[in-house]
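Q: Sharing a structure with you now.
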Amino acid sequence: MNKKIIISICFLYAAGLSLIACTKKTASTPIITIVDSSLVNTSHLDHLYTPVSFPDGTQAAGIYVYSNYPNYVNVEATGEGFACVDDVSRAALVYLRSNNFSTDTATQSKLYNLIQFMLEMQSSNGYFYNFLLTATGQINTSGQTSVNTPNWWSWRAFQALTEAAPVVKGLNLPLYNKMNTAISNLVAQLKIDFVNLPKTTTTISGVTIPQWLPAGSGTDQSSVLILGLINYCNVNSDPVMSGFIKSLADGIVLMQQSDTTQFPYGAFLSWENTWHAYGNVQAYALMQAGNFLNNPQYTQAAMTEVDHFYPWLLQNGYQCSFAISNTAGVIQILSDSAYAQIAYGIEPMVFAAAEAYKETGQAKYADMAGHLAAWFLGANVANTNMYTVSTGVCFDGLSSASASGVNLNSGGESTIEALLTLERVETYPAIKTALNKYKML
């Protein structure tokens with residue numbers, strides 16, 4: 001999406017609601033096991049999943065962007081399309097990470113079809129178009145939220161393809177070869193467009209920001225890109241891209257408001273002098289980068305946000321967005337909004353807290369991850385279950401601290417982000433125990 005549009009999305013949601021994956025192998029690292037009774041129900045995601053045929057004969061599948069209450073009829077995003085790479089790439093990860101993937105050919109088939117969708121949406125410059133207009137394969141090549149520029153949907157496709165490729169290689173070699181080509185094409189374009197950018201900075205409202213990240217200072221986008229690059233570098237010897245991971249991580253650290261004695265308590269700004277909840281995977285990505293690069297600076301920066309900003313969010317009923325100024329080290333809030341609160345804003349924090357637990361073995365982080373994830377099961381300002389285990393429906397958001405402020409629609413993004421979160425919760429029994437402690441009875 002256009003960055004200016006993205007930054008205001010919290011407010012637009014509110015209007016519409018009324019609208020080296022490497023880990024340190026230490027003695028304290030908790031053992032990962034899979035629990036028996038699952039919170040993860042893909043029934044509604046399966047409902048959103050829909051076949052697609054492209055003009056070249058490729059059979060694929062997309063994920064409907066919207067699904068409306070009460071009957072959950074799937075609908076398109078007017079003027080954009082009915083399915084998008086942004087959602088398809090994340091849905092692919094849901095199926096890839098599912099407990100039954102290795103044995104369930106139906107789940108494998110869904111993943112393959114979603115991958116085919118992504119491959120068909122890649123353009124000649126290596127980047128991806130986002131929206132598909134029709135089920136017969138008409139691509140939206142000109143819309144502001146769909147054009148083939150270096151933006152969210154290209155990074156999400158990159159992350160999904162690089163995570164899935166090693167698994168697909170042993171199951172579907174022809175598809176893997178196509179994936180590998182797509183990955184290589186995007187990497188080649190990144191080397192042209194980003195790798196050699198100078199590390200210059202500018203100042204906005206007294207806040208120093210980098211200019212070498214996607215969208216200039218987009219730490220949110222950079223974090224998703226880092227996750228894909230680590231996947232890529234884990235299977236490819238590419239010192240240039242390893243160096244690029246460090247460059248992106250340095251830009252994210254520069255955007256941290258590191259004074260933990262005043263608001264925003266160690267938070268990473270998302271873009272320029274603003275912060276938003278959605279897609280903010282900086283802490284999680286920096287922990288991964290710290291491991292991959294063997295640089296504890298990045299892990300320490302991530303832990304600062306987890307240790308200081310996340311507790312503030314929990315104590316204050318979460319936040320949607322804010323903008324700040326910095327005058328001689330004194331932070332002032334220029335604007336802020338508590339709503340809308342959406343699944344896309346909760347998932348990044350759960351991943352970071354879960355990773356902190358994995359890295360340290362400290363129970364407090366399992367407790368935090370479970371507390372954050374309990375937002376889906378009633379531990380929110382509206383005291384409402386946002387996710388229903390029996391159906392797999394996740395409501396699209398909260399616009400106020402009451403049940404009347406719940407958007408009962410259940411689109412692709414909300415559904416996918418809930419499932420990704422709960423899959424991660426169930427990786428660690430201690431986190432699921434904490435979720436059960438905090439959820440609404």
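So you can find residues: chains in the structure tokens are A, B, ... in the order shown, residues in each start at 1, and ligands are numbered from 1 in order.
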Extract, using only C-alpha atoms, all DNA, RNA and protein residues at most 7 Å from segment 343-348 of chain A, discarding same-chain residues fewer than 3 positions from it, and format them as number ranges by chain.
A: A: 277-281, 351-352, 372, 414, 417-418, 421
Q: Just write the chosen residues, N, CA and C atoms, as a short mmCIF file (atom, residue, chain, number, x, y, z; two decimals), in the first residue's frame.
A:
```cif
data_model
loop_
_atom_site.label_atom_id
_atom_site.label_comp_id
_atom_site.auth_asym_id
_atom_site.auth_seq_id
_atom_site.Cartn_x
_atom_site.Cartn_y
_atom_site.Cartn_z
N ALA A 277 0.23 -0.24 15.34
CA ALA A 277 0.29 -1.61 15.87
C ALA A 277 0.41 -2.65 14.77
N TYR A 278 -0.26 -2.43 13.66
CA TYR A 278 -0.37 -3.49 12.65
C TYR A 278 0.99 -3.78 12.00
N GLY A 279 1.29 -5.05 11.86
CA GLY A 279 2.47 -5.47 11.13
C GLY A 279 3.79 -5.11 11.76
N ASN A 280 3.80 -4.72 13.02
CA ASN A 280 5.02 -4.25 13.67
C ASN A 280 5.83 -5.42 14.22
N VAL A 281 6.54 -6.11 13.34
CA VAL A 281 7.30 -7.29 13.76
C VAL A 281 8.77 -6.97 14.02
N PHE A 351 4.37 -13.03 18.73
CA PHE A 351 5.56 -13.66 18.16
C PHE A 351 6.83 -13.20 18.88
N ALA A 352 6.91 -11.90 19.17
CA ALA A 352 8.10 -11.38 19.84
C ALA A 352 8.22 -11.91 21.27
N LEU A 372 -1.04 -11.59 25.87
CA LEU A 372 -1.30 -10.88 24.62
C LEU A 372 -2.23 -11.67 23.71
N SER A 414 -7.82 -10.82 9.16
CA SER A 414 -8.13 -11.12 10.55
C SER A 414 -8.05 -12.61 10.82
N GLU A 417 -4.29 -13.83 10.63
CA GLU A 417 -3.46 -13.37 11.75
C GLU A 417 -3.82 -14.10 13.05
N ALA A 418 -5.10 -14.38 13.24
CA ALA A 418 -5.50 -15.15 14.42
C ALA A 418 -4.90 -16.55 14.38
N THR A 421 -1.18 -16.61 15.00
CA THR A 421 -0.93 -16.39 16.42
C THR A 421 -1.14 -17.66 17.22
#
```
Q: Please return as a list in words: the residues of segment 154-211 of chain A that backbone DSSP assigns to strand (DSSP E).
A: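 Result set for segment 154-211 of chain A (strand (DSSP E)): Thr201, Thr202, Thr203, Ile204, Val207, Thr208, Ile209 and Pro210 of chain A.
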Q: Using only C-alpha atoms for the distances, tell me which of A:Phe101, A:Phe309, A:Phe128, A:Trp153 is nearest to Thr141 of chain A.
A: A:Phe128
Q: Can you tell me which residues surround segment 195-198 of chain A at a distance of at most 8 Å, considering only C-alpha atoms, apart from same-chain residues fewer than 5 positions away, and format the answer as a list in words?
A: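 Non-adjacent residues within range: Leu190, Trp212, Val240, Met241 and Phe244 of chain A.
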Q: For segment 164-181 of chain A, work out the shell of residues within 12 Å, counting only C-alpha atoms and skipping chain neighbours fewer than 4 positions away, then give it as a ChimeraX atom specification.
A: /A:58,89-97,101-103,105,108-109,111-120,122,124,126,157-160,185-188,228,231-232,234-236
Q: With distances taken over only C-alpha atoms, which of A:Ser43, A:Asn436, A:Asn407, A:Asn385 is nearest to Ala369 of chain A?
A: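 Going through A:Ser43, A:Asn436, A:Asn407, A:Asn385 one by one, the smallest distance to Ala369 of chain A is for A:Asn436.
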Q: List the neighbours of Asn71 of chain A out to 12 Å using only C-alpha atoms; skip same-chain residues closer than 2 positions along the sequence, and give me the result as an NGL selection string.
A: :A and (44 or 47 or 67-69 or 73-75 or 393 or 408-410)
Q: Smallest atom-to-atom distance to Ala289 of chain A: which of A:Asp250, A:Glu305, A:Glu272, A:Asp238, using only C-alpha atoms?
A: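 Among the listed residues, the smallest separation from Ala289 of chain A belongs to A:Asp250.
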Q: Find the spatial neighbours of segment 253-259 of chain A, counting only C-alpha atoms, within a cut-off of 6 Å - ignore same-chain residues fewer than 5 positions away - and output them as a PyMOL selection string.
A: chain A and resi 266-269
Q: Would you please work out which residue, of A:Ala430, A:Gly137, A:Ala374, A:Leu161, is nearest to Gln362 of chain A when using only C-alpha atoms?
A: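 Among the listed residues, the smallest separation from Gln362 of chain A belongs to A:Ala430.
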Q: Name the residues in contact with Trp152 of chain A at a cut-off of 6 Å, using only C-alpha atoms, excluding same-chain residues fewer than 2 positions from it; report them as an MDAnalysis selection string.
A: chainID A and resid 154:155 221
Q: Can you pull out every residue from segment 96-150 of chain A that DSSP, working from the backbone, puts in helix (DSSP H, G or I), and format the result as a PyMOL selection string?
A: chain A and resi 96+105-121
Q: What would the file look like if the residues just selected were written as a tab-separated table (two decimals), in the first residue's frame with N, CA and C atoms?
A:
```tsv
chain	number	residue	atom	x	y	z
A	96	LEU	N	1.34	-24.13	5.80
A	96	LEU	CA	2.69	-24.69	5.89
A	96	LEU	C	3.04	-25.07	7.32
A	105	THR	N	-2.40	-34.47	2.46
A	105	THR	CA	-2.21	-34.03	1.08
A	105	THR	C	-3.15	-32.89	0.70
A	106	ALA	N	-4.31	-32.79	1.35
A	106	ALA	CA	-5.23	-31.69	1.06
A	106	ALA	C	-4.62	-30.36	1.51
A	107	THR	N	-3.98	-30.36	2.69
A	107	THR	CA	-3.31	-29.16	3.17
A	107	THR	C	-2.14	-28.81	2.27
A	108	GLN	N	-1.40	-29.80	1.85
A	108	GLN	CA	-0.28	-29.57	0.94
A	108	GLN	C	-0.77	-28.96	-0.37
A	109	SER	N	-1.89	-29.49	-0.87
A	109	SER	CA	-2.44	-28.98	-2.13
A	109	SER	C	-2.85	-27.51	-2.00
A	110	LYS	N	-3.44	-27.16	-0.88
A	110	LYS	CA	-3.80	-25.76	-0.66
A	110	LYS	C	-2.55	-24.87	-0.70
A	111	LEU	N	-1.49	-25.30	-0.03
A	111	LEU	CA	-0.25	-24.53	-0.05
A	111	LEU	C	0.26	-24.38	-1.48
A	112	TYR	N	0.30	-25.47	-2.23
A	112	TYR	CA	0.81	-25.39	-3.61
A	112	TYR	C	0.01	-24.40	-4.44
A	113	ASN	N	-1.31	-24.42	-4.29
A	113	ASN	CA	-2.16	-23.52	-5.08
A	113	ASN	C	-1.96	-22.06	-4.70
A	114	LEU	N	-1.75	-21.81	-3.41
A	114	LEU	CA	-1.49	-20.44	-2.98
A	114	LEU	C	-0.12	-19.97	-3.48
A	115	ILE	N	0.84	-20.87	-3.50
A	115	ILE	CA	2.15	-20.53	-4.06
A	115	ILE	C	2.04	-20.20	-5.54
A	116	GLN	N	1.25	-20.98	-6.26
A	116	GLN	CA	1.05	-20.70	-7.69
A	116	GLN	C	0.46	-19.31	-7.89
A	117	PHE	N	-0.45	-18.91	-7.01
A	117	PHE	CA	-1.03	-17.56	-7.07
A	117	PHE	C	0.09	-16.53	-6.96
A	118	MET	N	0.94	-16.68	-5.96
A	118	MET	CA	2.03	-15.71	-5.78
A	118	MET	C	2.94	-15.67	-7.00
A	119	LEU	N	3.30	-16.82	-7.53
A	119	LEU	CA	4.19	-16.86	-8.68
A	119	LEU	C	3.60	-16.15	-9.88
A	120	GLU	N	2.30	-16.32	-10.08
A	120	GLU	CA	1.64	-15.66	-11.22
A	120	GLU	C	1.56	-14.15	-11.04
A	121	MET	N	1.63	-13.70	-9.81
A	121	MET	CA	1.51	-12.27	-9.54
A	121	MET	C	2.85	-11.54	-9.58
```
Q: Separation of atom CA of Met303 of chain A and atom CA of Val350 of chain A, in Å?
A: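 Separating atom CA of Met303 of chain A from atom CA of Val350 of chain A is a distance of 13.1 Å.
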Q: Using only C-alpha atoms, pick whichever of A:Thr42, A:Thr219, A:Ser404, A:Thr149 has the shortest atom-to-atom distance to Asp193 of chain A.
A: A:Thr149
Q: So, with only C-alpha atoms as the atoms that count, which of A:Gln211, A:Ser402, A:Ser205, A:Ser242 lies closest to Ala323 of chain A?
A: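 Among the listed residues, A:Ser205 lies closest to Ala323 of chain A.
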